[in-house]
$ cat run_12.csv   # CSV, C-alpha atoms and all ligand atoms
chain,number,residue,atom,x,y,z
A,13,MET,CA,10.8,5.6,15.2
A,14,ARG,CA,8.8,4.2,12.2
A,15,LYS,CA,10.1,5.8,9.0
A,16,PRO,CA,7.2,7.3,7.0
A,17,ILE,CA,6.5,5.7,3.6
A,18,ILE,CA,4.6,7.4,0.8
A,19,ALA,CA,3.7,5.1,-2.1
A,20,GLY,CA,2.0,6.0,-5.4
A,21,ASN,CA,-0.5,3.5,-6.8
A,22,TRP,CA,-0.8,4.3,-10.5
A,23,LYS,CA,-3.5,1.7,-11.0
A,24,MET,CA,-4.1,1.2,-14.7
A,25,ASN,CA,-2.6,4.5,-15.8
A,26,ASN,CA,0.5,5.5,-17.7
A,27,THR,CA,2.0,3.5,-20.6
A,28,ALA,CA,5.7,2.7,-20.2
A,29,SER,CA,6.9,5.9,-21.9
A,30,GLU,CA,4.4,8.0,-19.9
A,31,GLY,CA,5.5,6.3,-16.7
A,32,ALA,CA,9.2,6.9,-17.5
A,33,ALA,CA,8.4,10.6,-18.2
A,34,LEU,CA,6.5,10.9,-14.9
A,35,VAL,CA,9.3,9.5,-12.8
A,36,SER,CA,11.9,11.6,-14.6
A,37,ALA,CA,9.9,14.7,-13.6
A,38,LEU,CA,9.5,13.4,-10.1
A,39,LYS,CA,13.1,12.6,-9.3
A,40,PRO,CA,14.4,16.1,-8.8
A,41,LEU,CA,11.3,17.1,-6.8
A,42,VAL,CA,11.8,14.3,-4.2
A,43,LYS,CA,15.5,14.1,-4.0
A,44,ASP,CA,15.7,15.3,-0.4
A,45,ALA,CA,12.8,13.3,0.9
A,46,LYS,CA,13.3,11.9,4.4
A,47,CYS,CA,10.6,9.3,4.0
A,48,ASP,CA,10.6,6.1,1.8
A,49,VAL,CA,9.2,6.8,-1.6
A,50,VAL,CA,7.7,4.1,-3.8
A,51,VAL,CA,5.9,4.0,-7.2
A,52,CYS,CA,3.7,1.0,-7.8
A,53,VAL,CA,3.4,0.8,-11.5
A,54,PRO,CA,1.6,-1.5,-14.1
A,55,ALA,CA,3.7,-4.6,-14.6
A,56,ILE,CA,4.5,-3.8,-18.2
A,57,ASP,CA,5.9,-0.4,-17.2
A,58,ILE,CA,8.4,-1.9,-14.8
A,59,PRO,CA,11.5,-2.1,-17.2
A,60,ALA,CA,11.1,1.5,-18.5
A,61,VAL,CA,10.4,2.9,-15.0
A,62,LYS,CA,13.3,1.0,-13.5
A,63,LYS,CA,15.6,2.6,-16.1
A,64,ALA,CA,14.2,6.0,-15.6
A,65,LEU,CA,14.6,5.7,-11.8
A,66,ARG,CA,18.4,5.2,-12.0
A,67,GLY,CA,20.3,7.5,-9.7
A,68,SER,CA,17.3,8.1,-7.4
A,69,LYS,CA,16.2,6.6,-4.1
A,70,ILE,CA,12.6,6.1,-5.3
A,71,LYS,CA,11.8,2.4,-4.9
A,72,LEU,CA,9.9,0.4,-7.5
A,73,GLY,CA,6.7,-1.4,-6.7
A,74,ALA,CA,4.1,-3.6,-8.5
A,75,GLN,CA,0.4,-3.8,-8.0
A,76,ASN,CA,-0.2,-7.5,-7.7
A,77,VAL,CA,1.7,-10.8,-7.5
A,78,HIS,CA,0.6,-14.4,-7.9
A,79,TYR,CA,1.1,-16.8,-5.0
A,80,ALA,CA,2.4,-19.8,-6.9
A,81,GLU,CA,6.1,-20.0,-7.8
A,82,LYS,CA,5.4,-20.8,-11.4
A,83,GLY,CA,3.0,-22.8,-13.5
A,84,ALA,CA,-0.3,-22.7,-15.5
A,85,PHE,CA,-1.7,-19.4,-14.3
A,86,THR,CA,-2.3,-17.5,-17.6
A,87,GLY,CA,-1.9,-13.8,-17.3
A,88,GLU,CA,-0.3,-13.8,-13.8
A,89,ILE,CA,3.1,-12.7,-12.7
A,90,SER,CA,5.3,-14.4,-10.0
A,91,ALA,CA,7.2,-12.9,-7.1
A,92,ASP,CA,10.5,-14.1,-8.7
A,93,MET,CA,9.7,-12.3,-12.0
A,94,LEU,CA,9.2,-9.1,-10.1
A,95,LYS,CA,12.2,-9.6,-7.9
A,96,GLU,CA,14.5,-10.2,-10.9
A,97,TYR,CA,13.6,-6.7,-12.2
A,98,GLY,CA,14.5,-5.0,-9.0
A,99,VAL,CA,11.0,-4.6,-7.7
A,100,GLN,CA,11.0,-4.2,-3.9
A,101,TYR,CA,7.3,-3.6,-3.0
A,102,VAL,CA,4.1,-5.1,-4.1
A,103,ILE,CA,0.5,-4.0,-3.4
A,104,ILE,CA,-1.7,-6.9,-2.4
A,105,GLY,CA,-5.4,-7.1,-1.8
A,106,HIS,CA,-6.3,-3.7,-3.0
A,107,SER,CA,-10.1,-3.2,-2.8
A,108,GLU,CA,-10.3,-2.9,-6.6
A,109,ARG,CA,-8.8,-6.4,-6.9
A,110,ARG,CA,-11.2,-7.7,-4.2
A,111,GLN,CA,-14.1,-6.1,-6.0
A,112,TYR,CA,-13.4,-6.7,-9.7
A,113,PHE,CA,-11.0,-9.7,-9.7
A,114,GLY,CA,-12.3,-12.1,-7.1
A,115,GLU,CA,-9.5,-11.5,-4.6
A,116,THR,CA,-10.4,-13.0,-1.2
A,117,ASP,CA,-8.8,-12.9,2.2
A,118,GLU,CA,-7.4,-16.4,1.4
A,119,THR,CA,-5.7,-15.3,-1.8
A,120,VAL,CA,-4.5,-12.1,-0.2
A,121,ASN,CA,-2.9,-14.2,2.5
A,122,LYS,CA,-1.3,-16.6,0.0
A,123,ARG,CA,0.0,-13.7,-2.1
A,124,THR,CA,1.4,-12.0,0.9
A,125,LEU,CA,3.3,-15.1,2.1
A,126,ALA,CA,4.7,-15.7,-1.4
A,127,ALA,CA,5.9,-12.1,-1.7
A,128,LEU,CA,7.6,-12.3,1.7
A,129,ALA,CA,9.2,-15.6,0.7
A,130,ALA,CA,10.7,-14.0,-2.4
A,131,GLY,CA,12.0,-11.0,-0.4
A,132,LEU,CA,9.5,-8.5,-1.6
A,133,THR,CA,7.8,-6.1,0.8
A,134,PRO,CA,4.0,-6.5,0.6
A,135,ILE,CA,1.8,-3.5,1.0
A,136,VAL,CA,-1.4,-5.2,2.1
A,137,CYS,CA,-4.6,-3.3,1.8
A,138,ILE,CA,-7.5,-3.6,4.2
A,139,GLY,CA,-10.6,-1.4,4.7
A,140,GLU,CA,-14.3,-1.3,5.1
A,141,SER,CA,-17.1,-0.2,2.8
A,142,LEU,CA,-19.4,2.8,3.4
A,143,GLU,CA,-22.3,0.4,4.3
A,144,GLU,CA,-20.1,-1.3,6.9
A,145,ARG,CA,-18.9,2.0,8.4
A,146,GLU,CA,-22.4,3.3,8.6
A,147,GLY,CA,-23.6,0.1,10.1
A,148,GLY,CA,-21.0,0.3,12.9
A,149,LEU,CA,-19.2,-2.7,11.5
A,150,THR,CA,-15.8,-1.2,10.8
A,151,GLU,CA,-13.9,-2.9,13.7
A,152,LYS,CA,-15.6,-6.2,13.0
A,153,VAL,CA,-14.7,-6.1,9.3
A,154,LEU,CA,-11.1,-5.1,10.0
A,155,SER,CA,-10.7,-7.7,12.7
A,156,ALA,CA,-11.8,-10.4,10.3
A,157,GLN,CA,-9.3,-9.2,7.6
A,158,ILE,CA,-6.6,-9.0,10.2
A,159,GLU,CA,-7.0,-12.6,11.2
A,160,LYS,CA,-7.3,-14.0,7.7
A,161,ASP,CA,-5.0,-11.8,5.6
A,162,PHE,CA,-1.9,-12.0,7.8
A,163,ALA,CA,-2.0,-15.5,9.1
A,164,GLY,CA,1.4,-17.2,9.1
A,165,ILE,CA,3.6,-14.1,9.0
A,166,ASP,CA,6.5,-14.4,11.4
A,167,ASP,CA,8.0,-10.9,11.2
A,168,PHE,CA,5.6,-8.0,10.7
A,169,SER,CA,8.4,-5.4,10.4
A,170,LYS,CA,8.8,-6.8,6.8
A,171,ILE,CA,5.3,-5.8,5.7
A,172,VAL,CA,3.4,-2.5,5.2
A,173,VAL,CA,-0.4,-2.3,5.8
A,174,ALA,CA,-2.5,0.2,3.9
A,175,TYR,CA,-5.7,1.2,5.6
A,176,GLU,CA,-8.0,2.2,2.7
A,177,PRO,CA,-11.6,2.8,3.6
A,178,ILE,CA,-13.4,1.9,0.4
A,179,TRP,CA,-15.7,4.9,0.6
A,180,ALA,CA,-12.7,7.3,0.5
A,181,ILE,CA,-11.0,5.8,-2.6
A,182,GLY,CA,-11.3,8.0,-5.7
A,183,THR,CA,-14.3,9.8,-4.2
A,184,GLY,CA,-12.6,12.9,-3.0
A,185,ARG,CA,-14.1,12.1,0.4
A,186,THR,CA,-11.2,11.6,2.7
A,187,ALA,CA,-11.4,10.1,6.2
A,188,THR,CA,-10.9,12.9,8.7
A,189,ASP,CA,-7.5,13.0,10.4
A,190,GLU,CA,-9.1,11.8,13.6
A,191,GLN,CA,-11.1,9.0,11.9
A,192,ALA,CA,-8.0,7.7,10.0
A,193,ASN,CA,-5.8,8.0,13.2
A,194,GLU,CA,-8.3,6.2,15.3
A,195,THR,CA,-8.9,3.4,12.9
A,196,ILE,CA,-5.2,2.8,12.2
A,197,GLY,CA,-4.7,2.8,16.0
A,198,PHE,CA,-7.3,0.1,16.3
A,199,ILE,CA,-5.6,-2.0,13.5
A,200,ARG,CA,-2.3,-1.7,15.3
A,201,LYS,CA,-3.7,-2.6,18.7
A,202,ARG,CA,-5.7,-5.5,17.3
A,203,MET,CA,-2.7,-6.9,15.3
A,204,LYS,CA,-0.5,-6.6,18.4
A,205,LYS,CA,-2.9,-8.8,20.2
A,206,VAL,CA,-3.5,-11.4,17.4
A,207,TYR,CA,0.2,-11.6,16.4
A,208,ALA,CA,1.9,-11.0,19.8
A,209,GLY,CA,5.6,-11.4,19.7
A,210,LYS,CA,5.9,-10.9,16.0
A,211,ARG,CA,7.3,-7.4,15.8
A,212,VAL,CA,4.0,-5.7,15.0
A,213,GLY,CA,5.2,-2.5,16.7
A,214,LYS,CA,7.7,-2.1,13.9
A,215,MET,CA,5.1,-2.5,11.1
A,216,ARG,CA,4.2,0.6,9.2
A,217,ILE,CA,0.5,1.5,8.5
A,218,GLN,CA,-0.4,3.9,5.7
A,219,TYR,CA,-3.6,5.7,5.1
A,220,GLY,CA,-5.1,5.6,1.6
A,221,GLY,CA,-8.1,7.3,0.1
A,222,SER,CA,-8.3,10.7,-1.6
A,223,MET,CA,-5.0,11.7,0.1
A,224,ASN,CA,-3.6,14.8,-1.7
A,225,ALA,CA,-1.3,17.7,-1.4
A,226,LYS,CA,-3.8,19.7,0.7
A,227,ASN,CA,-4.8,17.1,3.3
A,228,CYS,CA,-1.5,15.2,3.6
A,229,LYS,CA,0.0,17.4,6.3
A,230,GLY,CA,-2.9,16.9,8.7
A,231,LEU,CA,-3.0,13.1,8.1
A,232,MET,CA,0.7,12.7,8.4
A,233,ALA,CA,0.7,14.7,11.7
A,234,GLN,CA,-1.3,11.9,13.3
A,235,PRO,CA,0.7,9.7,15.5
A,236,GLU,CA,-0.7,6.4,14.2
A,237,ILE,CA,-0.3,7.2,10.5
A,238,ASP,CA,3.0,6.1,9.1
A,239,GLY,CA,2.4,7.1,5.5
A,240,GLY,CA,0.1,7.2,2.5
A,241,LEU,CA,-0.9,5.1,-0.4
A,242,ILE,CA,-1.8,7.6,-3.1
A,243,GLY,CA,-3.9,6.9,-6.2
A,244,GLY,CA,-5.1,9.9,-8.3
A,245,ALA,CA,-2.6,12.4,-6.8
A,246,SER,CA,0.4,10.1,-7.7
A,247,LEU,CA,-0.2,10.7,-11.4
A,248,LYS,CA,1.1,14.2,-11.4
A,249,ALA,CA,4.8,14.7,-10.4
A,250,ALA,CA,4.1,18.0,-8.6
A,251,ASP,CA,1.1,16.7,-6.6
A,252,PHE,CA,2.9,13.5,-5.6
A,253,ALA,CA,6.1,15.4,-4.7
A,254,ALA,CA,4.0,17.7,-2.4
A,255,ILE,CA,2.8,14.7,-0.5
A,256,VAL,CA,6.3,13.1,-0.3
A,257,ASN,CA,7.6,16.5,1.0
A,258,PHE,CA,4.8,16.8,3.6
A,259,ASP,CA,7.3,17.6,6.3
A,260,LYS,CA,8.9,20.6,4.4
B,1,LIG,P1,-7.2,7.7,-4.5
B,1,LIG,O1,-6.0,8.4,-3.9
B,1,LIG,O2,-7.3,8.0,-6.0
B,1,LIG,O3,-8.4,7.9,-3.7
B,1,LIG,O4,-6.9,6.2,-4.5
B,1,LIG,C1,-6.4,5.6,-3.3
B,1,LIG,C2,-6.0,4.2,-3.5
B,1,LIG,O5,-6.8,3.4,-3.9
B,1,LIG,C3,-4.6,3.9,-3.4
B,1,LIG,O6,-4.3,2.6,-3.5
$ encode --input "run_12.csv" --output "structure tokens" --more "lines below"
Ligand code: 13P
Amino acid sequence: MRKPIIAGNWKMNNTASEGAALVSALKPLVKDAKCDVVVCVPAIDIPAVKKALRGSKIKLGAQNVHYAEKGAFTGEISADMLKEYGVQYVIIGHSERRQYFGETDETVNKRTLAALAAGLTPIVCIGESLEEREGGLTEKVLSAQIEKDFAGIDDFSKIVVAYEPIWAIGTGRTATDEQANETIGFIRKRMKKVYAGKRVGKMRIQYGGSMNAKNCKGLMAQPEIDGGLIGGASLKAADFAAIVNFDK
């Protein structure tokens, strides 16, 4: 009943022309996809990728958005700026932004509310570190993120959550199917409790972290997993298409 959603997070890869070439190669490979397909591209690639996406159902996403409507925030990009270019999705609170760019639960929450107000679909990333998992703190860490990052949201059917265990990102070390399923099940249960009556049951939760053409089928077969947020494997058309076509 929840439509799967596979999104690529290109991170800081692909110039505008490289990005346009990548989506041109991707288009025919995913034309029969039954899931939602999104590419989250560097902001400066947006115009070229948008043009290259014409005639396809692939949706355009960004990797960050500022929480203010406008103003003195040098280097930042507003939700309206993204919206005007036809961007529909935006990744918020990726662990790399939390780690390298001072993103906090508070700013994640503000950015999420700003994206929703502008009609964008936020893909909000949460997840624990290796130390936290090994220390048995996964549920505690996720519960704190759940309470802070999503405060004030009225309709959870309008957001996507990406569960990305930090230890699985770019490491080649994927969570097992069962680990990912169990943790995503926990997130959903916890959110239903904290945000009761706000359509949490309709919210999609992706897995992210070294997901690839080989392991995607097993992960996507899990009942709690509604999709994937793909880093490295989204940079090659054939690899990303194989994940998008996980059900073929
Ligand atoms: P990798 O797929 O490269 O591990 O990256 C995952 C990720 O961070 C997606 O946002």
$ residues_around --input "run_12.csv" --residues "Pro59 of chain A" --least-positions-apart "5" --cutoff "9 Å" --atoms "all atoms listed in the file" --output "number ranges by chain"
A: 28, 64, 97
$ write_last_selection --input "run_12.csv" --atoms "C-alpha atoms" --output "PDB file, in the frame of the given file"
ATOM      1  CA  ALA A  28       5.700   2.700 -20.200  1.00  0.00           C
ATOM      2  CA  ALA A  64      14.200   6.000 -15.600  1.00  0.00           C
ATOM      3  CA  TYR A  97      13.600  -6.700 -12.200  1.00  0.00           C
TER       4      TYR A  97
END
$ atom_distance --input "run_12.csv" --atom1 "atom CA of Asn25 of chain A" --atom2 "atom CA of Pro54 of chain A"
7.5 Å
$ atom_distance --input "run_12.csv" --atom1 "atom CA of Ile217 of chain A" --atom2 "atom CA of Arg200 of chain A"
8.0 Å
$ residues_near_ligand --input "run_12.csv" --ligand "ligand LIG 1 (chain B)" --cutoff "7 Å" --atoms "only C-alpha atoms and all ligand atoms" --output "short mmCIF file (atom, residue, chain, number, x, y, z; two decimals) with C-alpha atoms, keeping the file's coordinate frame"
data_model
loop_
_atom_site.label_atom_id
_atom_site.label_comp_id
_atom_site.auth_asym_id
_atom_site.auth_seq_id
_atom_site.Cartn_x
_atom_site.Cartn_y
_atom_site.Cartn_z
CA ASN A 21 -0.50 3.50 -6.80
CA HIS A 106 -6.30 -3.70 -3.00
CA GLU A 176 -8.00 2.20 2.70
CA ALA A 180 -12.70 7.30 0.50
CA ILE A 181 -11.00 5.80 -2.60
CA GLY A 182 -11.30 8.00 -5.70
CA THR A 183 -14.30 9.80 -4.20
CA GLY A 184 -12.60 12.90 -3.00
CA GLY A 220 -5.10 5.60 1.60
CA GLY A 221 -8.10 7.30 0.10
CA SER A 222 -8.30 10.70 -1.60
CA MET A 223 -5.00 11.70 0.10
CA LEU A 241 -0.90 5.10 -0.40
CA ILE A 242 -1.80 7.60 -3.10
CA GLY A 243 -3.90 6.90 -6.20
CA GLY A 244 -5.10 9.90 -8.30
CA ALA A 245 -2.60 12.40 -6.80
#
$ residues_around --input "run_12.csv" --residues "Asn257 of chain A" --least-positions-apart "3" --cutoff "9 Å" --atoms "all atoms listed in the file" --output "MDAnalysis selection string"
chainID A and resid 41:42 44:47 252:254 260
$ closest_residue --input "run_12.csv" --among "A:Ile138, A:Leu128, A:Ala32, A:Ala192" --to "Glu115 of chain A" --atoms "only C-alpha atoms"
A:Ile138
$ residues_around --input "run_12.csv" --residues "segment 13-17 of chain A" --least-positions-apart "2" --cutoff "12 Å" --atoms "all atoms listed in the file" --output "JSON, numbers by chain"
{"A": [19, 20, 45, 46, 47, 48, 49, 50, 51, 70, 71, 101, 135, 169, 171, 172, 173, 174, 212, 213, 214, 215, 216, 217, 218, 219, 220, 231, 232, 233, 234, 235, 236, 237, 238, 239, 240, 241, 242, 255, 256, 257, 258, 259]}
$ residues_around --input "run_12.csv" --residues "Glu118 of chain A" --least-positions-apart "3" --cutoff "9 Å" --atoms "all atoms listed in the file" --output "ChimeraX atom specification"
/A:115,121-123,160-161
$ atom_distance --input "run_12.csv" --atom1 "atom CA of Glu190 of chain A" --atom2 "atom CA of Lys152 of chain A"
19.1 Å
$ closest_residue --input "run_12.csv" --among "A:Ile178, A:Leu94, A:Asp167, A:Glu144" --to "Arg109 of chain A" --atoms "all atoms listed in the file"
A:Ile178
$ closest_residue --input "run_12.csv" --among "A:Ala249, A:Leu72, A:Leu132, A:Leu149" --to "Leu38 of chain A" --atoms "all atoms listed in the file"
A:Ala249
$ residues_around --input "run_12.csv" --residues "Phe162 of chain A" --least-positions-apart "3" --cutoff "8 Å" --atoms "only C-alpha atoms" --output "VMD selection string"
chain A and resid 121 124 157 to 159 165
$ closest_residue --input "run_12.csv" --among "A:Thr133, A:Ser29, A:Ser36, A:Ser246" --to "Ala74 of chain A" --atoms "all atoms listed in the file"
A:Thr133
$ decode --input "run_12.csv" --residues "segment 206-225 of chain A" --atoms "N, CA, C and O atoms" --output "PDB file, in the first residue's frame"
ATOM      1  N   VAL A 206       4.637   8.651  19.012  1.00  0.00           N
ATOM      2  CA  VAL A 206       4.934  10.063  19.304  1.00  0.00           C
ATOM      3  C   VAL A 206       4.013  10.998  18.507  1.00  0.00           C
ATOM      4  O   VAL A 206       3.627  12.053  18.996  1.00  0.00           O
ATOM      5  N   TYR A 207       3.692  10.601  17.278  1.00  0.00           N
ATOM      6  CA  TYR A 207       2.894  11.487  16.410  1.00  0.00           C
ATOM      7  C   TYR A 207       1.554  10.828  16.047  1.00  0.00           C
ATOM      8  O   TYR A 207       1.155  10.802  14.873  1.00  0.00           O
ATOM      9  N   ALA A 208       0.897  10.322  17.042  1.00  0.00           N
ATOM     10  CA  ALA A 208      -0.380   9.623  16.837  1.00  0.00           C
ATOM     11  C   ALA A 208      -1.385  10.524  16.138  1.00  0.00           C
ATOM     12  O   ALA A 208      -1.457  11.730  16.395  1.00  0.00           O
ATOM     13  N   GLY A 209      -2.137   9.941  15.195  1.00  0.00           N
ATOM     14  CA  GLY A 209      -3.195  10.692  14.513  1.00  0.00           C
ATOM     15  C   GLY A 209      -2.683  11.586  13.397  1.00  0.00           C
ATOM     16  O   GLY A 209      -3.425  12.396  12.849  1.00  0.00           O
ATOM     17  N   LYS A 210      -1.388  11.449  13.028  1.00  0.00           N
ATOM     18  CA  LYS A 210      -0.827  12.338  12.003  1.00  0.00           C
ATOM     19  C   LYS A 210      -0.387  11.578  10.756  1.00  0.00           C
ATOM     20  O   LYS A 210       0.558  11.951  10.076  1.00  0.00           O
ATOM     21  N   ARG A 211      -1.078  10.507  10.456  1.00  0.00           N
ATOM     22  CA  ARG A 211      -0.875   9.739   9.223  1.00  0.00           C
ATOM     23  C   ARG A 211       0.523   9.133   9.087  1.00  0.00           C
ATOM     24  O   ARG A 211       1.063   9.040   7.972  1.00  0.00           O
ATOM     25  N   VAL A 212       1.102   8.735  10.175  1.00  0.00           N
ATOM     26  CA  VAL A 212       2.434   8.124  10.129  1.00  0.00           C
ATOM     27  C   VAL A 212       2.405   6.807   9.332  1.00  0.00           C
ATOM     28  O   VAL A 212       3.379   6.454   8.669  1.00  0.00           O
ATOM     29  N   GLY A 213       1.267   6.113   9.369  1.00  0.00           N
ATOM     30  CA  GLY A 213       1.156   4.843   8.645  1.00  0.00           C
ATOM     31  C   GLY A 213       1.351   4.996   7.147  1.00  0.00           C
ATOM     32  O   GLY A 213       1.674   4.046   6.447  1.00  0.00           O
ATOM     33  N   LYS A 214       1.143   6.199   6.633  1.00  0.00           N
ATOM     34  CA  LYS A 214       1.284   6.439   5.188  1.00  0.00           C
ATOM     35  C   LYS A 214       2.684   6.938   4.823  1.00  0.00           C
ATOM     36  O   LYS A 214       3.003   7.157   3.652  1.00  0.00           O
ATOM     37  N   MET A 215       3.515   7.149   5.816  1.00  0.00           N
ATOM     38  CA  MET A 215       4.857   7.684   5.578  1.00  0.00           C
ATOM     39  C   MET A 215       5.806   6.575   5.098  1.00  0.00           C
ATOM     40  O   MET A 215       5.817   5.482   5.651  1.00  0.00           O
ATOM     41  N   ARG A 216       6.592   6.889   4.088  1.00  0.00           N
ATOM     42  CA  ARG A 216       7.529   5.881   3.577  1.00  0.00           C
ATOM     43  C   ARG A 216       8.893   5.998   4.268  1.00  0.00           C
ATOM     44  O   ARG A 216       9.371   7.104   4.501  1.00  0.00           O
ATOM     45  N   ILE A 217       9.475   4.851   4.564  1.00  0.00           N
ATOM     46  CA  ILE A 217      10.801   4.842   5.191  1.00  0.00           C
ATOM     47  C   ILE A 217      11.765   4.041   4.308  1.00  0.00           C
ATOM     48  O   ILE A 217      11.531   2.865   4.010  1.00  0.00           O
ATOM     49  N   GLN A 218      12.822   4.733   3.887  1.00  0.00           N
ATOM     50  CA  GLN A 218      13.842   4.102   3.047  1.00  0.00           C
ATOM     51  C   GLN A 218      14.984   3.574   3.914  1.00  0.00           C
ATOM     52  O   GLN A 218      15.219   4.066   5.013  1.00  0.00           O
ATOM     53  N   TYR A 219      15.723   2.641   3.330  1.00  0.00           N
ATOM     54  CA  TYR A 219      16.997   2.246   3.914  1.00  0.00           C
ATOM     55  C   TYR A 219      18.100   2.890   3.082  1.00  0.00           C
ATOM     56  O   TYR A 219      17.983   2.974   1.850  1.00  0.00           O
ATOM     57  N   GLY A 220      19.172   3.327   3.713  1.00  0.00           N
ATOM     58  CA  GLY A 220      20.323   3.851   2.977  1.00  0.00           C
ATOM     59  C   GLY A 220      21.622   3.412   3.623  1.00  0.00           C
ATOM     60  O   GLY A 220      21.745   3.390   4.853  1.00  0.00           O
ATOM     61  N   GLY A 221      22.595   3.057   2.798  1.00  0.00           N
ATOM     62  CA  GLY A 221      23.903   2.640   3.312  1.00  0.00           C
ATOM     63  C   GLY A 221      24.410   1.437   2.543  1.00  0.00           C
ATOM     64  O   GLY A 221      23.986   0.312   2.793  1.00  0.00           O
ATOM     65  N   SER A 222      25.271   1.717   1.547  1.00  0.00           N
ATOM     66  CA  SER A 222      25.872   0.650   0.731  1.00  0.00           C
ATOM     67  C   SER A 222      24.827  -0.252   0.076  1.00  0.00           C
ATOM     68  O   SER A 222      25.047  -1.447  -0.111  1.00  0.00           O
ATOM     69  N   MET A 223      23.696   0.320  -0.275  1.00  0.00           N
ATOM     70  CA  MET A 223      22.690  -0.465  -1.013  1.00  0.00           C
ATOM     71  C   MET A 223      23.142  -0.516  -2.474  1.00  0.00           C
ATOM     72  O   MET A 223      23.592   0.489  -3.027  1.00  0.00           O
ATOM     73  N   ASN A 224      23.040  -1.687  -3.085  1.00  0.00           N
ATOM     74  CA  ASN A 224      23.535  -1.823  -4.453  1.00  0.00           C
ATOM     75  C   ASN A 224      22.685  -2.829  -5.238  1.00  0.00           C
ATOM     76  O   ASN A 224      21.689  -3.363  -4.726  1.00  0.00           O
ATOM     77  N   ALA A 225      23.103  -3.054  -6.481  1.00  0.00           N
ATOM     78  CA  ALA A 225      22.327  -3.923  -7.372  1.00  0.00           C
ATOM     79  C   ALA A 225      22.203  -5.338  -6.807  1.00  0.00           C
ATOM     80  O   ALA A 225      21.234  -6.040  -7.074  1.00  0.00           O
TER      81      ALA A 225
END
